[in-house]
Amino acid sequence: MIIAVDFDGTIVEHRYPEIGKEIPFATETLRQLIQDRHQLILWSCREGQLLQDAVDWCHERGVDFYAINNDYPEETPESNNHFSRKLKVDMFIDDRNVGGLPDWGTIYRIIKEHKRYSDIMRERLMLIDEEPPKKKHWWQF
């Protein structure tokens, strides 16, 4: 699967132009997705040195992207006569999604288990709604 991943607010907290603190489990999950053979594309509004700082920050944490703000590493406006800032990916991971950014554990389950967010939330609600087991009295086995 080809997955575009935003940086500010998704991998790290919003502190633009600085780099915020890592959102819990972001780089760990991204490394696992890479290990699972997904192609990750960093999709950021950052440019120039600010973009390079984000790429370097990720690299230092073991996250190396397939491409940066492009569909493939070698893509340039000259090499693609249909060049567009719109990526051709299977999924976007971005804090600006409708409903916000799920936690990274949920994101991983969506990708790994091929589930929809609503299915995972429904599963969680079913677990909450289940009646807890009744306590046995000391004389019951």
# chains A, B, ... in the order shown; residues from 1 in each chain; ligands from 1

call {"tool": "select_by_dssp", "arguments": {"residues": "range 29-134 of chain A", "states": "strand (DSSP E or B)", "output": "list in words"}}
result
Gln39, Leu40, Ile41, Leu42, Ala67, Ile68, Met91, Phe92 and Ile93 of chain A

call {"tool": "residues_around", "arguments": {"residues": "range 119-130 of chain A", "least_positions_apart": "3", "cutoff": "12 Å", "atoms": "only C-alpha atoms", "output": "PyMOL selection string"}}
result
chain A and resi 102-103+105-111+113-116+133-134

call {"tool": "closest_atom_pairs", "arguments": {"of": "range 32-66 of chain A", "to": "range 2-16 of chain A", "cutoff": "7 Å", "atoms": "only C-alpha atoms", "output": "CSV"}}
result
residue,atom,partner,partner_atom,distance
A:His38,CA,A:Ile2,CA,6.0
A:Gln39,CA,A:Ile2,CA,4.8
A:Leu40,CA,A:Ile3,CA,4.9
A:Ile41,CA,A:Ala4,CA,4.6
A:Leu42,CA,A:Val5,CA,5.1
A:Trp43,CA,A:Asp6,CA,4.9
A:Ser44,CA,A:Asp6,CA,5.3

call {"tool": "select_by_dssp", "arguments": {"residues": "chain A", "states": "helix (DSSP H, G or I)", "output": "PyMOL selection string"}}
result
chain A and resi 26-35+48-60+104-112+117-129

call {"tool": "residues_around", "arguments": {"residues": "Asn70 in chain A", "least_positions_apart": "2", "cutoff": "8 Å", "atoms": "only C-alpha atoms", "output": "NGL selection string"}}
result
:A and (41 or 43 or 67-68 or 72-73 or 75 or 85 or 87)

call {"tool": "atom_distance", "arguments": {"atom1": "CA of Glu47 in chain A", "atom2": "CA of Asp94 in chain A"}}
result
17.5 Å

call {"tool": "atom_distance", "arguments": {"atom1": "CA of Arg46 in chain A", "atom2": "CA of Lys88 in chain A"}}
result
19.3 Å

call {"tool": "residues_around", "arguments": {"residues": "Asp64 in chain A", "least_positions_apart": "6", "cutoff": "9 Å", "atoms": "only C-alpha atoms", "output": "PDB file with N, CA, C and O atoms, in the first residue's frame"}}
result
ATOM      1  N   ARG A  31       7.845   2.910  11.419  1.00  0.00           N
ATOM      2  CA  ARG A  31       8.887   1.899  11.182  1.00  0.00           C
ATOM      3  C   ARG A  31       8.252   0.529  10.932  1.00  0.00           C
ATOM      4  O   ARG A  31       8.694  -0.222  10.063  1.00  0.00           O
ATOM      5  N   ILE A  34       6.812   0.391   7.442  1.00  0.00           N
ATOM      6  CA  ILE A  34       7.894   0.203   6.465  1.00  0.00           C
ATOM      7  C   ILE A  34       8.338  -1.259   6.481  1.00  0.00           C
ATOM      8  O   ILE A  34       8.524  -1.874   5.432  1.00  0.00           O
ATOM      9  N   LEU A  40       5.904   4.574   2.201  1.00  0.00           N
ATOM     10  CA  LEU A  40       5.461   5.787   2.878  1.00  0.00           C
ATOM     11  C   LEU A  40       6.025   7.006   2.170  1.00  0.00           C
ATOM     12  O   LEU A  40       7.209   7.059   1.845  1.00  0.00           O
ATOM     13  N   VAL A  55      12.694  15.780   7.433  1.00  0.00           N
ATOM     14  CA  VAL A  55      13.223  14.532   6.862  1.00  0.00           C
ATOM     15  C   VAL A  55      14.351  14.005   7.744  1.00  0.00           C
ATOM     16  O   VAL A  55      14.413  12.806   8.055  1.00  0.00           O
ATOM     17  N   ASP A  56      15.260  14.888   8.154  1.00  0.00           N
ATOM     18  CA  ASP A  56      16.385  14.486   9.004  1.00  0.00           C
ATOM     19  C   ASP A  56      15.891  13.982  10.358  1.00  0.00           C
ATOM     20  O   ASP A  56      16.408  12.993  10.887  1.00  0.00           O
ATOM     21  N   CYS A  58      13.059  12.560  11.076  1.00  0.00           N
ATOM     22  CA  CYS A  58      12.502  11.217  10.883  1.00  0.00           C
ATOM     23  C   CYS A  58      13.618  10.186  10.679  1.00  0.00           C
ATOM     24  O   CYS A  58      13.588   9.102  11.274  1.00  0.00           O
TER      25      CYS A  58
END
